[in-house]
$ cat entry10.txt   # compact mmCIF, C-alpha atoms
# COMPACT_ATOMS: atom_id res chain seq x y z
CA MET Q 8 -25.28 -11.92 0.13
CA ALA Q 9 -28.09 -10.50 -1.97
CA ASN Q 10 -31.47 -12.22 -2.38
CA MET Q 11 -30.98 -15.91 -3.21
CA LYS Q 12 -33.79 -18.46 -3.21
CA PHE Q 13 -32.23 -20.25 -0.25
CA ASN Q 14 -31.48 -17.01 1.64
CA LYS Q 15 -34.06 -14.30 0.98
CA PHE Q 16 -33.18 -10.70 1.79
CA ALA Q 17 -36.27 -9.88 3.86
CA GLU Q 18 -36.13 -13.05 5.97
CA ARG Q 19 -32.42 -12.68 6.58
CA VAL Q 20 -32.73 -9.05 7.69
CA LYS Q 21 -35.58 -9.82 10.07
CA GLU Q 22 -33.79 -12.71 11.74
CA THR Q 23 -30.41 -11.00 11.91
CA LEU Q 24 -31.81 -7.82 13.47
CA LYS Q 25 -33.49 -9.96 16.13
CA LEU Q 26 -30.15 -11.58 16.92
CA LYS Q 27 -28.44 -8.18 16.86
CA GLU Q 28 -30.84 -7.00 19.57
CA LYS Q 29 -30.22 -10.19 21.56
CA ALA Q 30 -26.46 -9.70 21.34
CA GLU Q 31 -26.77 -6.09 22.49
CA LYS Q 32 -28.76 -7.14 25.57
CA GLU Q 33 -26.28 -9.89 26.44
CA THR Q 34 -23.14 -7.80 25.99
CA GLY Q 35 -24.37 -4.33 26.87
CA GLU Q 36 -22.66 -3.04 23.73
CA LYS Q 37 -23.95 -1.48 20.52
CA LYS Q 38 -23.86 -3.74 17.45
CA LEU Q 39 -24.30 -3.02 13.74
CA TYR Q 40 -25.63 -5.27 11.00
CA LEU Q 41 -24.63 -4.29 7.47
CA ALA Q 42 -27.52 -5.56 5.35
CA ASN Q 43 -26.49 -5.74 1.69
CA VAL Q 44 -29.11 -3.79 -0.27
CA THR Q 45 -27.31 -4.03 -3.65
CA ALA Q 46 -29.86 -4.36 -6.46
CA GLU Q 47 -31.51 -2.45 -9.32
CA CYS Q 48 -31.88 1.17 -8.19
CA MET Q 49 -35.55 1.22 -7.14
CA GLU Q 50 -35.28 -2.19 -5.49
CA MET Q 51 -32.19 -0.97 -3.65
CA LEU Q 52 -34.12 1.99 -2.24
CA SER Q 53 -36.96 -0.35 -1.27
CA ARG Q 54 -34.54 -2.62 0.60
CA ALA Q 55 -32.95 0.34 2.40
CA GLU Q 56 -36.40 1.50 3.51
CA PHE Q 57 -37.21 -2.04 4.69
CA VAL Q 58 -34.09 -2.08 6.88
CA LYS Q 59 -34.97 1.34 8.29
CA ASP Q 60 -38.57 0.30 9.07
CA LEU Q 61 -37.32 -2.72 11.02
CA GLY Q 62 -35.03 -0.57 13.15
CA GLY Q 63 -31.79 -1.24 11.31
CA GLU Q 64 -29.15 1.48 11.35
CA SER Q 65 -26.71 0.50 8.63
CA ILE Q 66 -26.62 -0.97 5.12
CA MET Q 67 -23.98 -2.14 2.68
CA VAL Q 68 -23.79 -1.52 -1.04
CA ASP Q 69 -21.47 -2.98 -3.69
CA ILE Q 70 -20.26 0.26 -5.22
CA CYS Q 71 -18.72 -1.08 -8.43
CA THR Q 72 -21.67 -3.18 -9.58
CA THR Q 73 -24.20 -0.57 -8.47
CA GLY Q 74 -22.65 2.32 -10.39
CA PHE Q 75 -22.08 5.97 -9.48
CA SER Q 76 -25.49 7.31 -10.56
CA ALA Q 77 -27.37 4.73 -8.49
CA LEU Q 78 -25.01 5.36 -5.55
CA GLN Q 79 -25.78 9.08 -5.75
CA THR Q 80 -29.50 8.33 -5.78
CA LEU Q 81 -29.14 6.11 -2.70
CA CYS Q 82 -27.04 8.71 -0.86
CA ASN Q 83 -29.47 11.53 -1.67
CA GLU Q 84 -32.46 9.50 -0.51
CA ASN Q 85 -30.58 8.37 2.57
CA ARG Q 86 -29.78 11.92 3.61
CA LYS Q 87 -33.43 12.94 3.24
CA ASN Q 88 -35.25 9.92 4.61
CA PHE Q 89 -33.37 6.82 5.78
CA LYS Q 90 -30.41 8.36 7.64
CA LEU Q 91 -28.59 5.01 7.72
CA ILE Q 92 -24.85 4.35 7.86
CA LEU Q 93 -23.72 3.57 4.28
CA HIS Q 94 -20.98 0.94 4.08
CA ALA Q 95 -19.18 0.73 0.73
CA HIS Q 96 -18.01 -2.71 -0.40
CA ARG Q 97 -15.54 -2.60 -3.30
CA ALA Q 98 -16.13 -6.06 -4.82
CA MET Q 99 -14.92 -6.21 -8.46
CA HIS Q 100 -12.74 -3.10 -8.16
CA ALA Q 101 -9.62 -5.05 -9.18
CA ALA Q 102 -11.00 -5.31 -12.73
CA PHE Q 103 -9.99 -1.68 -13.24
CA THR Q 104 -7.69 -0.79 -10.30
CA ARG Q 105 -5.13 -3.58 -10.16
CA ASN Q 106 -3.17 -2.91 -13.36
CA PRO Q 107 -0.89 0.11 -12.65
CA LYS Q 108 -0.83 0.99 -16.37
CA HIS Q 109 -4.55 0.84 -17.05
CA GLY Q 110 -7.89 1.89 -15.57
CA ILE Q 111 -8.07 3.99 -12.38
CA SER Q 112 -6.54 3.45 -8.95
CA MET Q 113 -8.35 2.43 -5.77
CA LEU Q 114 -7.41 5.87 -4.44
CA VAL Q 115 -9.56 7.51 -7.13
CA LEU Q 116 -12.47 5.16 -6.44
CA ALA Q 117 -12.31 5.99 -2.73
CA LYS Q 118 -12.28 9.72 -3.48
CA LEU Q 119 -15.36 9.39 -5.68
CA CYS Q 120 -17.18 7.56 -2.89
CA ARG Q 121 -16.34 10.33 -0.45
CA LEU Q 122 -17.63 12.92 -2.92
CA ILE Q 123 -20.86 10.97 -3.39
CA GLY Q 124 -21.41 10.79 0.36
CA LEU Q 125 -20.79 7.25 1.60
CA ASP Q 126 -19.73 6.74 5.22
CA GLU Q 127 -17.12 3.97 5.18
CA ILE Q 128 -15.22 1.96 2.58
CA HIS Q 129 -12.89 -1.03 2.32
CA VAL Q 130 -9.37 0.27 1.70
CA GLY Q 131 -7.37 -2.99 1.89
CA ALA Q 132 -5.74 -4.85 4.74
CA ILE Q 133 -1.99 -4.62 3.94
CA VAL Q 134 -1.31 -7.73 6.03
CA GLY Q 135 -4.34 -9.64 4.69
CA LYS Q 136 -5.07 -11.49 1.47
CA MET Q 137 -6.15 -8.51 -0.67
CA VAL Q 138 -3.88 -6.67 -3.10
CA GLY Q 139 -2.61 -3.35 -1.78
CA LYS Q 140 0.79 -2.28 -0.48
CA ALA Q 141 1.16 -0.47 2.83
CA LYS Q 142 1.75 2.98 1.32
CA GLU Q 143 -1.21 2.73 -1.06
CA VAL Q 144 -3.63 1.58 1.64
CA TYR Q 145 -2.36 4.23 4.07
CA MET Q 146 -2.80 6.93 1.41
CA ILE Q 147 -6.38 5.83 0.74
CA GLY Q 148 -7.10 6.00 4.46
CA GLU Q 149 -5.62 9.49 4.63
CA GLU Q 150 -7.53 10.62 1.53
CA ILE Q 151 -10.94 9.66 2.88
CA GLU Q 152 -10.43 10.70 6.51
CA LYS Q 153 -8.53 13.99 6.49
CA GLN Q 154 -9.75 17.46 5.51
CA ILE Q 155 -6.41 18.58 4.03
CA ILE Q 156 -4.30 16.16 1.96
CA LYS Q 157 -0.58 16.89 1.71
CA GLU Q 158 1.12 17.03 -1.65
CA ASP Q 159 3.12 13.94 -2.64
CA ILE Q 160 4.85 14.40 -5.99
CA ALA Q 161 6.23 10.84 -6.06
CA ALA Q 162 2.73 9.40 -5.76
CA HIS Q 163 1.20 11.99 -8.13
CA VAL Q 164 -0.98 13.39 -5.35
CA LEU Q 165 -1.80 17.11 -5.35
CA LYS Q 166 -2.63 19.11 -2.24
CA GLU Q 167 -6.38 18.97 -1.62
CA GLU Q 168 -8.85 20.62 0.71
CA TRP Q 169 -12.16 18.82 1.31
CA PHE Q 170 -13.76 21.79 3.10
CA ASP Q 171 -17.27 20.78 4.29
CA ILE Q 172 -17.29 17.33 2.63
CA LYS Q 173 -17.42 14.81 5.45
CA PRO Q 174 -14.73 12.15 5.93
CA MET Q 175 -15.24 8.40 5.57
CA PHE Q 176 -14.13 5.60 7.88
CA ALA Q 177 -11.39 3.30 6.56
CA VAL Q 178 -12.35 -0.39 6.72
CA CYS Q 179 -9.61 -3.05 6.71
CA SER Q 180 -10.68 -6.58 5.81
CA GLY Q 181 -9.73 -9.71 3.91
CA GLY Q 182 -7.67 -12.51 5.43
CA LEU Q 183 -7.36 -10.93 8.87
CA HIS Q 184 -7.13 -12.76 12.19
CA PRO Q 185 -6.20 -11.68 15.75
CA GLY Q 186 -2.50 -12.31 15.16
CA LYS Q 187 -2.42 -9.61 12.46
CA VAL Q 188 -4.06 -6.84 14.48
CA GLU Q 189 -0.86 -5.53 16.06
CA LYS Q 190 0.97 -4.93 12.78
CA LEU Q 191 -2.14 -3.58 11.03
CA MET Q 192 -2.77 -0.97 13.73
CA LYS Q 193 0.91 -0.02 13.80
CA ILE Q 194 0.67 0.90 10.11
CA MET Q 195 -2.87 2.32 9.93
CA GLY Q 196 -3.31 3.79 13.41
CA HIS Q 197 -6.36 3.45 15.63
CA ASP Q 198 -9.00 5.17 13.48
CA ILE Q 199 -9.94 2.10 11.44
CA ILE Q 200 -12.62 -0.55 11.33
CA ILE Q 201 -11.20 -4.09 11.41
CA GLN Q 202 -13.39 -6.80 9.91
CA MET Q 203 -12.65 -10.49 10.40
CA GLY Q 204 -14.67 -13.37 8.98
CA GLY Q 205 -12.71 -16.62 8.98
CA GLY Q 206 -10.39 -15.05 11.57
CA ILE Q 207 -13.29 -15.23 14.03
CA HIS Q 208 -15.44 -18.15 12.86
CA GLY Q 209 -12.34 -20.31 12.29
CA HIS Q 210 -11.22 -20.12 15.91
CA PRO Q 211 -10.60 -23.63 17.32
CA LYS Q 212 -13.12 -23.02 20.13
CA GLY Q 213 -15.82 -21.53 17.86
CA THR Q 214 -17.25 -18.15 16.93
CA ILE Q 215 -17.76 -16.68 20.41
CA ALA Q 216 -14.20 -17.51 21.39
CA GLY Q 217 -13.04 -16.06 18.07
CA ALA Q 218 -14.85 -12.78 18.77
CA LYS Q 219 -13.25 -12.63 22.22
CA ALA Q 220 -9.81 -13.25 20.72
CA ALA Q 221 -10.31 -10.43 18.22
CA ARG Q 222 -11.33 -8.05 20.99
CA GLN Q 223 -8.40 -9.13 23.14
CA ALA Q 224 -5.99 -8.43 20.29
CA VAL Q 225 -7.31 -4.88 19.94
CA ASP Q 226 -7.24 -4.35 23.72
CA ALA Q 227 -3.61 -5.49 23.85
CA VAL Q 228 -2.53 -3.00 21.18
CA MET Q 229 -4.47 -0.16 22.80
CA GLN Q 230 -2.71 -0.91 26.10
CA GLY Q 231 0.72 -1.13 24.46
CA ILE Q 232 1.13 -4.81 25.31
CA SER Q 233 2.44 -7.33 22.77
CA LEU Q 234 -0.02 -9.99 21.60
CA LYS Q 235 2.18 -12.82 22.85
CA GLU Q 236 2.42 -11.29 26.31
CA TYR Q 237 -1.33 -10.55 26.47
CA ALA Q 238 -2.10 -14.11 25.36
CA ARG Q 239 -0.50 -15.51 28.52
CA THR Q 240 -3.54 -14.40 30.53
CA HIS Q 241 -6.19 -14.54 27.78
CA ALA Q 242 -7.04 -18.07 26.63
CA GLU Q 243 -9.02 -17.13 23.50
CA LEU Q 244 -6.19 -15.02 22.11
CA ARG Q 245 -3.70 -17.73 23.04
CA ASP Q 246 -5.69 -20.34 21.08
CA ALA Q 247 -5.96 -18.01 18.07
CA ILE Q 248 -2.21 -17.39 18.05
CA LYS Q 249 -1.55 -21.11 18.40
CA LYS Q 250 -3.59 -21.70 15.23
CA TRP Q 251 -2.61 -18.73 13.06
CA GLY Q 252 0.51 -17.27 14.66
CA VAL Q 253 1.51 -13.61 15.07
CA LEU Q 254 2.55 -11.57 12.06

$ encode --input "entry10.txt" --output "structure tokens"
Amino acid sequence: MANMKFNKFAERVKETLKLKEKAEKETGEKKLYLANVTAECMEMLSRAEFVKDLGGESIMVDICTTGFSALQTLCNENRKNFKLILHAHRAMHAAFTRNPKHGISMLVLAKLCRLIGLDEIHVGAIVGKMVGKAKEVYMIGEEIEKQIIKEDIAAHVLKEEWFDIKPMFAVCSGGLHPGKVEKLMKIMGHDIIIQMGGGIHGHPKGTIAGAKAARQAVDAVMQGISLKEYARTHAELRDAIKKWGVL
């Protein structure tokens, strides 16, 4: 979402931040709203400042359409003034990352974003709908999160040391639902952000039940309990599995 006539940026941010505060009071948990500030460079900075002034703590930017120079400008200004969490969305990356014989890889794009100073980036979901094999997605996660990268001759990866350059959080999204959480976390570990859209809103009992099912799936994995077993005593997860199954 950007700034359409039927869904203006400023109005959307105001209303969503109000609901974010309401959700925090009801649940007692911290919530984040990733307002998409993607635009021409000066307008992008203006939108980021708007979010900050309203008490927002995080923003999203489409890194490929924005361009590296504008991203650097946003990161520099953010470090000095806004101090917001910068979420990197990779929309359009496949135009130059998908063909293995042409362009650059998603691994390179993720490394550039870490160098520029973004905080988190979509790396692929492995078990979702996006392109990206398990090894590639795992390597991207390792590249952006670790300080020392091991050499991997087969994958053409040299040993690297990131020194004082901060890590990024790996975000897994695209075609995920509660039934896929167990396998995803087995491959990627626990230090990931899992985003679900249709996997929550598409729950047969509605969005709130979908959010509960997603949380229950994560809780089950963290406790070392299979999703099917955990679903016996958790109705929301049971309904989600009944609809989508377990991977």

$ closest_residue --input "entry10.txt" --among "Q:Thr104, Q:Glu56, Q:Leu125, Q:Gly206" --to "Phe75 (chain Q)" --atoms "only C-alpha atoms"
Q:Leu125

$ residues_near_point --input "entry10.txt" --point "(-29.5, -3.1, 16.7)" --cutoff "12 Å" --atoms "only C-alpha atoms" --output "CSV table (one decimal) with C-alpha atoms, in the coordinates of the input"
chain,number,residue,atom,x,y,z
Q,20,VAL,CA,-32.7,-9.0,7.7
Q,21,LYS,CA,-35.6,-9.8,10.1
Q,22,GLU,CA,-33.8,-12.7,11.7
Q,23,THR,CA,-30.4,-11.0,11.9
Q,24,LEU,CA,-31.8,-7.8,13.5
Q,25,LYS,CA,-33.5,-10.0,16.1
Q,26,LEU,CA,-30.2,-11.6,16.9
Q,27,LYS,CA,-28.4,-8.2,16.9
Q,28,GLU,CA,-30.8,-7.0,19.6
Q,29,LYS,CA,-30.2,-10.2,21.6
Q,30,ALA,CA,-26.5,-9.7,21.3
Q,31,GLU,CA,-26.8,-6.1,22.5
Q,32,LYS,CA,-28.8,-7.1,25.6
Q,35,GLY,CA,-24.4,-4.3,26.9
Q,36,GLU,CA,-22.7,-3.0,23.7
Q,37,LYS,CA,-24.0,-1.5,20.5
Q,38,LYS,CA,-23.9,-3.7,17.4
Q,39,LEU,CA,-24.3,-3.0,13.7
Q,40,TYR,CA,-25.6,-5.3,11.0
Q,41,LEU,CA,-24.6,-4.3,7.5
Q,42,ALA,CA,-27.5,-5.6,5.4
Q,58,VAL,CA,-34.1,-2.1,6.9
Q,59,LYS,CA,-35.0,1.3,8.3
Q,61,LEU,CA,-37.3,-2.7,11.0
Q,62,GLY,CA,-35.0,-0.6,13.2
Q,63,GLY,CA,-31.8,-1.2,11.3
Q,64,GLU,CA,-29.2,1.5,11.4
Q,65,SER,CA,-26.7,0.5,8.6

$ atom_distance --input "entry10.txt" --atom1 "CA of Gln202 (chain Q)" --atom2 "CA of Gly110 (chain Q)"
27.5 Å

$ closest_residue --input "entry10.txt" --among "Q:Thr72, Q:Asn88, Q:Thr214, Q:Thr34" --to "Ser53 (chain Q)" --atoms "all atoms listed in the file"
Q:Asn88

$ atom_distance --input "entry10.txt" --atom1 "CA of Lys249 (chain Q)" --atom2 "CA of Ala177 (chain Q)"
28.9 Å

$ closest_residue --input "entry10.txt" --among "Q:Lys118, Q:Ala141, Q:Phe89, Q:Ile133" --to "Glu167 (chain Q)" --atoms "all atoms listed in the file"
Q:Lys118

$ atom_distance --input "entry10.txt" --atom1 "CA of Leu78 (chain Q)" --atom2 "CA of Ala95 (chain Q)"
9.7 Å

$ closest_residue --input "entry10.txt" --among "Q:Arg86, Q:His96, Q:His210, Q:His184" --to "Met8 (chain Q)" --atoms "only C-alpha atoms"
Q:His96

$ closest_residue --input "entry10.txt" --among "Q:Arg245, Q:His197, Q:His94, Q:Lys153" --to "Gly124 (chain Q)" --atoms "all atoms listed in the file"
Q:His94

$ residues_around --input "entry10.txt" --residues "Val178 (chain Q)" --least-positions-apart "4" --cutoff "10 Å" --atoms "all atoms listed in the file" --output "ChimeraX atom specification"
/Q:94-96,127-132,148,198-202

$ closest_residue --input "entry10.txt" --among "Q:Lys166, Q:Lys193, Q:Lys250, Q:His208" --to "Met229 (chain Q)" --atoms "only C-alpha atoms"
Q:Lys193
